[in-house]
>>> print(open('final30.txt').read())   # compact mmCIF, C-alpha atoms (C1' of nucleotides)
# COMPACT_ATOMS: atom_id res chain seq x y z
CA MET A 296 0.00 0.00 0.00
CA ALA A 297 1.47 3.30 -1.09
CA LEU A 298 1.10 6.46 0.97
CA THR A 299 0.20 9.73 -0.72
CA VAL A 300 0.81 12.88 1.29
CA ALA A 301 -0.40 16.25 0.04
CA SER A 302 -0.01 19.79 1.36
CA TRP A 303 -2.12 22.83 0.60
CA ASN A 304 -2.16 26.42 1.77
CA ILE A 305 -5.91 26.83 1.47
CA ASN A 306 -6.08 30.56 2.39
CA SER A 307 -9.08 30.26 4.75
CA VAL A 308 -10.61 26.83 5.14
CA ARG A 309 -14.07 28.28 5.82
CA ALA A 310 -14.03 30.32 2.61
CA ARG A 311 -13.05 27.20 0.65
CA VAL A 312 -14.85 24.25 2.26
CA GLU A 313 -16.34 23.24 -1.08
CA ARG A 314 -12.94 23.24 -2.77
CA LEU A 315 -11.53 21.19 0.10
CA GLU A 316 -14.35 18.67 -0.28
CA ALA A 317 -13.82 18.47 -4.02
CA TYR A 318 -10.09 17.95 -3.59
CA LEU A 319 -10.44 15.23 -0.98
CA ALA A 320 -13.18 13.49 -2.96
CA SER A 321 -11.31 13.53 -6.27
CA ARG A 322 -7.66 13.10 -5.25
CA ARG A 323 -8.18 11.03 -2.10
CA PRO A 324 -4.73 11.65 -0.56
CA ASP A 325 -4.03 9.45 2.47
CA VAL A 326 -2.82 12.55 4.28
CA LEU A 327 -3.47 16.23 3.62
CA CYS A 328 -1.60 18.95 5.47
CA LEU A 329 -3.33 22.33 5.45
CA GLN A 330 -2.01 25.81 6.15
CA GLU A 331 -3.62 29.21 6.65
CA LEU A 332 -6.85 27.88 8.08
CA LYS A 333 -7.59 31.40 9.36
CA CYS A 334 -9.92 29.98 11.98
CA THR A 335 -10.02 28.49 15.45
CA GLU A 336 -10.33 24.78 16.13
CA GLN A 337 -14.00 25.33 16.97
CA GLN A 338 -14.61 26.91 13.58
CA PHE A 339 -12.86 24.16 11.61
CA PRO A 340 -15.30 22.18 9.40
CA GLY A 341 -14.56 18.87 11.10
CA ASP A 342 -17.91 17.32 10.17
CA VAL A 343 -17.27 17.91 6.47
CA VAL A 344 -13.91 16.13 6.39
CA GLU A 345 -15.26 13.37 8.64
CA ARG A 346 -18.04 12.67 6.17
CA LEU A 347 -15.36 12.14 3.54
CA GLY A 348 -13.57 9.62 5.73
CA TYR A 349 -10.85 11.83 7.19
CA GLN A 350 -9.93 12.50 10.77
CA ALA A 351 -8.31 15.81 11.54
CA ALA A 352 -5.76 17.22 13.94
CA VAL A 353 -6.20 20.99 14.04
CA TYR A 354 -4.10 23.77 15.51
CA GLY A 355 -5.94 26.98 14.84
CA GLN A 356 -6.23 30.59 15.90
CA LYS A 357 -8.45 33.51 15.08
CA THR A 358 -7.92 35.28 11.72
CA TYR A 359 -4.34 34.26 10.95
CA ASN A 360 -2.19 31.18 10.42
CA GLY A 361 -3.62 27.83 11.51
CA VAL A 362 -2.45 24.37 10.41
CA ALA A 363 -4.07 20.95 10.21
CA ILE A 364 -3.35 17.35 9.28
CA LEU A 365 -6.13 15.25 7.76
CA SER A 366 -5.75 11.51 7.42
CA THR A 367 -7.76 8.48 6.35
CA SER A 368 -5.97 6.44 9.03
CA ALA A 369 -5.23 7.10 12.68
CA LEU A 370 -3.33 10.21 13.75
CA GLN A 371 -1.06 9.50 16.70
CA ASP A 372 1.09 11.57 19.05
CA VAL A 373 -0.21 14.95 17.93
CA GLU A 374 2.08 17.83 18.93
CA ARG A 375 1.20 21.49 18.57
CA GLY A 376 3.88 24.11 17.97
CA LEU A 377 7.61 23.77 18.40
CA PRO A 378 9.22 22.36 21.52
CA LEU A 379 10.78 24.94 23.84
CA ALA A 380 9.61 27.88 21.75
CA ASP A 381 7.61 30.36 23.79
CA ASP A 382 7.87 32.81 20.91
CA ASP A 383 5.55 30.61 18.85
CA ALA A 384 2.90 30.45 21.55
CA GLN A 385 0.81 33.09 19.82
CA GLN A 386 1.09 31.69 16.31
CA ALA A 387 -0.32 28.38 15.07
CA ARG A 388 2.29 27.46 12.47
CA VAL A 389 3.50 23.94 13.22
CA LEU A 390 1.59 20.72 13.88
CA ALA A 391 2.97 17.19 13.95
CA ALA A 392 1.33 13.76 13.99
CA THR A 393 2.31 10.19 13.19
CA VAL A 394 0.47 8.35 10.41
CA GLN A 395 1.27 4.75 9.53
CA GLY A 396 4.69 5.06 11.12
CA VAL A 397 5.54 8.28 9.31
CA ARG A 398 6.01 11.47 11.30
CA VAL A 399 4.20 14.22 9.39
CA VAL A 400 4.70 17.91 10.16
CA SER A 401 2.44 20.60 8.71
CA VAL A 402 4.42 23.85 8.50
CA TYR A 403 3.37 27.41 7.75
CA ALA A 404 6.51 29.54 7.71
CA PRO A 405 6.17 33.31 8.22
CA ASN A 406 5.86 35.40 5.09
CA GLY A 407 8.46 37.93 6.19
CA GLN A 408 6.80 40.98 4.61
CA ALA A 409 9.74 43.19 3.48
CA VAL A 410 13.44 42.35 3.87
CA ASP A 411 13.98 45.44 6.04
CA SER A 412 11.04 44.67 8.34
CA PRO A 413 10.95 43.03 11.79
CA ALA A 414 8.78 40.31 10.26
CA TYR A 415 11.68 39.29 8.05
CA GLN A 416 13.95 38.83 11.07
CA GLU A 417 11.19 36.82 12.74
CA LYS A 418 11.03 34.63 9.67
CA LEU A 419 14.76 33.86 9.91
CA ALA A 420 14.38 33.19 13.64
CA PHE A 421 11.48 30.82 12.91
CA TYR A 422 13.68 28.83 10.55
CA ALA A 423 16.45 28.59 13.15
CA ARG A 424 13.94 27.40 15.78
CA LEU A 425 12.46 24.86 13.39
CA ARG A 426 15.90 23.43 12.65
CA ARG A 427 16.69 23.20 16.36
CA ALA A 428 13.35 21.50 16.96
CA LEU A 429 14.22 18.84 14.39
CA ASP A 430 17.56 18.28 16.10
CA VAL A 431 15.79 17.90 19.46
CA ARG A 432 12.94 15.69 18.32
CA TYR A 433 14.11 13.60 15.35
CA ARG A 434 16.94 11.90 13.50
CA GLY A 435 17.62 11.98 9.78
CA GLU A 436 17.27 8.20 9.67
CA GLU A 437 13.65 8.38 10.81
CA ARG A 438 10.69 8.51 8.47
CA LEU A 439 9.88 12.23 8.65
CA LEU A 440 8.01 14.58 6.31
CA LEU A 441 7.95 18.36 6.49
CA CYS A 442 4.97 19.49 4.44
CA GLY A 443 3.82 23.01 3.97
CA ASP A 444 4.12 26.57 2.84
CA PHE A 445 7.77 27.45 3.48
CA ASN A 446 7.48 30.91 1.95
CA VAL A 447 10.90 30.55 0.34
CA ALA A 448 11.64 29.70 -3.30
CA PRO A 449 14.82 27.59 -3.03
CA GLU A 450 16.40 28.21 -6.45
CA GLU A 451 16.17 30.32 -9.60
CA ARG A 452 14.26 27.59 -11.40
CA ASP A 453 11.53 27.98 -8.74
CA VAL A 454 10.90 31.63 -9.65
CA TRP A 455 9.18 33.00 -12.74
CA ASP A 456 11.46 36.03 -13.03
CA PRO A 457 14.61 35.54 -10.92
CA GLN A 458 15.97 38.97 -11.86
CA LEU A 459 12.79 40.69 -10.73
CA TRP A 460 12.70 38.65 -7.52
CA ASP A 461 16.41 39.04 -6.79
CA GLY A 462 16.75 40.24 -3.20
CA GLN A 463 12.98 40.26 -2.63
CA THR A 464 11.20 38.51 0.21
CA LEU A 465 10.57 34.84 -0.66
CA PHE A 466 13.76 34.67 -2.73
CA SER A 467 16.39 36.71 -0.86
CA LEU A 468 19.69 35.03 -0.06
CA PRO A 469 19.41 34.96 3.77
CA GLU A 470 16.07 33.16 3.75
CA ARG A 471 17.26 30.73 1.07
CA ALA A 472 20.26 30.03 3.31
CA ALA A 473 17.90 29.52 6.26
CA LEU A 474 15.88 27.00 4.24
CA ARG A 475 19.07 25.21 3.17
CA GLU A 476 20.14 25.03 6.80
CA LEU A 477 16.78 23.48 7.69
CA LEU A 478 17.08 20.91 4.91
CA ALA A 479 20.66 20.14 5.94
CA PHE A 480 19.05 18.22 8.78
CA GLY A 481 18.63 15.54 6.13
CA LEU A 482 15.58 16.46 4.08
CA GLN A 483 15.08 16.16 0.33
CA ASP A 484 12.71 18.04 -1.94
CA THR A 485 10.39 15.30 -3.25
CA PHE A 486 9.25 17.41 -6.22
CA ARG A 487 12.84 17.76 -7.45
CA LEU A 488 13.40 14.00 -7.23
CA HIS A 489 11.09 13.73 -10.23
CA HIS A 490 10.97 17.17 -11.86
CA PRO A 491 14.17 19.07 -12.69
CA GLU A 492 12.41 21.55 -14.94
CA ALA A 493 11.91 25.27 -14.32
CA GLY A 494 8.55 26.98 -14.54
CA ARG A 495 6.68 24.77 -12.07
CA TYR A 496 5.11 26.79 -9.26
CA SER A 497 2.84 26.35 -6.25
CA TRP A 498 1.78 29.96 -5.73
CA TRP A 499 0.62 32.70 -8.10
CA ASP A 500 -0.28 36.26 -7.16
CA TYR A 501 -3.99 37.02 -7.37
CA ARG A 502 -3.08 40.31 -9.02
CA MET A 503 -1.85 41.15 -12.50
CA LEU A 504 -2.97 37.92 -14.16
CA GLY A 505 -0.42 35.98 -12.17
CA PHE A 506 -1.90 32.57 -12.80
CA PRO A 507 -2.84 32.84 -16.49
CA LYS A 508 0.64 34.20 -17.19
CA ASN A 509 2.25 31.55 -14.95
CA HIS A 510 3.95 34.25 -12.95
CA GLY A 511 4.51 32.13 -9.86
CA LEU A 512 6.87 30.81 -7.24
CA ARG A 513 7.43 27.31 -5.90
CA ILE A 514 7.26 27.92 -2.16
CA ASP A 515 5.22 24.89 -1.03
CA ALA A 516 6.85 21.51 -0.66
CA VAL A 517 6.95 18.01 0.76
CA TYR A 518 10.41 17.54 2.24
CA ALA A 519 11.38 13.97 3.14
CA THR A 520 14.17 12.25 5.08
CA ALA A 521 16.35 9.74 3.20
CA PRO A 522 14.39 6.56 4.00
CA LEU A 523 11.23 8.15 2.58
CA ALA A 524 12.96 9.92 -0.31
CA ALA A 525 14.26 6.52 -1.39
CA ARG A 526 10.65 5.32 -1.55
CA CYS A 527 9.24 8.38 -3.33
CA GLU A 528 7.60 7.06 -6.52
CA ALA A 529 6.09 10.33 -7.70
CA ALA A 530 5.59 13.95 -6.69
CA ASP A 531 3.82 16.84 -8.33
CA ILE A 532 1.77 20.02 -8.02
CA ASP A 533 -2.02 19.98 -8.49
CA ARG A 534 -2.20 23.06 -10.66
CA GLU A 535 -5.83 22.30 -11.54
CA ALA A 536 -6.87 23.33 -8.03
CA ARG A 537 -5.73 26.90 -8.74
CA LYS A 538 -8.24 27.28 -11.59
CA GLY A 539 -11.82 28.48 -11.57
CA LYS A 540 -13.69 30.82 -9.26
CA LEU A 541 -12.39 31.78 -5.84
CA PRO A 542 -9.30 29.59 -5.70
CA SER A 543 -6.65 29.69 -3.02
CA ASP A 544 -3.59 31.49 -4.38
CA HIS A 545 -1.66 28.26 -3.66
CA ALA A 546 -1.96 24.90 -5.39
CA PRO A 547 -1.66 21.63 -3.47
CA VAL A 548 1.64 19.78 -3.70
CA TRP A 549 1.99 16.03 -3.08
CA ALA A 550 4.31 13.06 -2.96
CA ARG A 551 3.62 9.33 -3.11
CA PHE A 552 5.71 6.77 -1.24
CA SER A 553 5.78 3.03 -1.79
CA SER A 554 5.36 0.96 1.33
CA ALA A 555 8.73 0.37 2.91
CA PRO A 556 9.51 -2.81 4.82
CA GLY A 557 10.79 -1.74 8.22
C1' DA B 177 -9.44 28.65 -21.15
C1' DT B 178 -6.72 29.49 -16.36
C1' DG B 179 -8.53 35.96 -16.05
C1' DG B 180 -7.48 41.30 -14.19
C1' DC B 181 -6.57 40.74 -5.49
C1' DA B 182 -8.68 38.27 -1.48
C1' DA B 183 -10.01 37.06 3.54
C1' DT B 184 -10.76 38.75 7.98
C1' DG B 185 -12.62 41.71 11.37
C1' DT B 186 -10.99 46.15 13.50
C1' DT B 187 -16.22 46.32 8.57
C1' DT B 188 -17.56 50.93 4.29
C1' DC B 189 -11.38 50.82 5.70
C1' DA B 190 -7.01 48.57 7.77
C1' DT B 191 -4.19 44.66 7.98
C1' DT B 192 -1.93 40.82 6.12
C1' DG B 193 -0.46 37.87 2.69
C1' DA B 194 3.51 36.74 -0.98
>>> encode(input="final30.txt", output="structure tokens")
Amino acid sequence: MALTVASWNINSVRARVERLEAYLASRRPDVLCLQELKCTEQQFPGDVVERLGYQAAVYGQKTYNGVAILSTSALQDVERGLPLADDDAQQARVLAATVQGVRVVSVYAPNGQAVDSPAYQEKLAFYARLRRALDVRYRGEERLLLCGDFNVAPEERDVWDPQLWDGQTLFSLPERAALRELLAFGLQDTFRLHHPEAGRYSWWDYRMLGFPKNHGLRIDAVYATAPLAARCEAADIDREARKGKLPSDHAPVWARFSSAPG
DNA sequence: ATGGCAATGTTTCATTGA
């Protein structure tokens, strides 16, 4: 039995319940990590996902942020936030749970606003805390997935106009270095295991015909430790979900893993 | 076709996102 894990910044789960239902019903991922719920746990449409055969772990807050993990099988050892990080107490950005022996983390990294803003420094600090949390909690030999909106395009091929984006938030060198430092824990980009090409994005600006012109960035990912990367049969971006009326500005990303003995 | 910002709440504008 293969395991398909998807991740989607849904940009308000209440505003897009119908799209969530359609995605779960048509794609049927075993696991779906969500970001930017923009609601509290009480406001999360738990009955809707339950009807579709999913159980949900939800870490929400009013108006901003909010992450969840949906799964067709049992969610175990749910952990909210980062260990030993009081700074994150006010922001629901990280949620972990174990599914079929795989530790799954749903991550919503800070946007960072402008490079000269305090929010940008907080973004870098978030990355440093996340890396430390991995060091505290996990080992690179474990089956671990970091799924989410990382708000950093790793390389030029992940950006529609690298010259325009040069030095801008989401593509500036310090945050790309922070992402590299996170991945140096022992994580691989599942999309790049199967797709070396440029021009494949997970986010498009609502403004200026971003999507029709394919003016996007690849800032959402499923990052996997070596034992899972070795079992990654396929990975892609569900660009279809960005089409039509009232889409999220992000498309879901996913990776499929063959069942590994041991 | 895939379409010209969108969601939230502080609500008729401000804030945030990326």
>>> closest_atom_pairs(input="final30.txt", of="chain A", to="chain B", cutoff="7 Å", atoms="all atoms listed in the file", output="Markdown table")
| residue | atom | partner | partner_atom | distance |
| --- | --- | --- | --- | --- |
| A:Ser307 | CA | B:DA183 | C1' | 7.0 |
| A:Thr358 | CA | B:DT184 | C1' | 5.8 |
| A:Asn406 | CA | B:DA194 | C1' | 6.6 |
| A:Tyr501 | CA | B:DC181 | C1' | 4.9 |
| A:Arg502 | CA | B:DC181 | C1' | 5.0 |
| A:Met503 | CA | B:DG180 | C1' | 5.9 |
| A:Leu504 | CA | B:DG180 | C1' | 5.6 |
| A:Phe506 | CA | B:DT178 | C1' | 6.7 |
| A:Pro507 | CA | B:DT178 | C1' | 5.1 |
| A:Lys538 | CA | B:DT178 | C1' | 5.5 |
>>> residues_around(input="final30.txt", residues="region 497-500 of chain A", least_positions_apart="4", cutoff="7 Å", atoms="all atoms listed in the file", output="list in words")
Gly505, Phe506, His510, Gly511, Leu512, Arg513, Ile514, Asp515, Ile532, Asp544, His545 and Ala546 of chain A
>>> residues_near_point(input="final30.txt", point="(12.6, 39.2, 8.7)", cutoff="10 Å", atoms="all atoms listed in the file", output="MDAnalysis selection string")
chainID A and resid 405:421 464 469:470
>>> closest_residue(input="final30.txt", among="A:Tyr518, A:Arg452, A:Gly462, A:Cys527", to="Arg495 (chain A)", atoms="all atoms listed in the file")
A:Arg452
>>> atom_distance(input="final30.txt", atom1="CA of Asp531 (chain A)", atom2="CA of Pro457 (chain A)")
21.7 Å
>>> axis_aligned_box(input="final30.txt", around="region 501-516 of chain A", padding_each_side="8 Å", output="JSON")
{"center_x": 1.7, "center_y": 31.3, "center_z": -8.9, "size_x": 27.4, "size_y": 35.6, "size_z": 32.5}
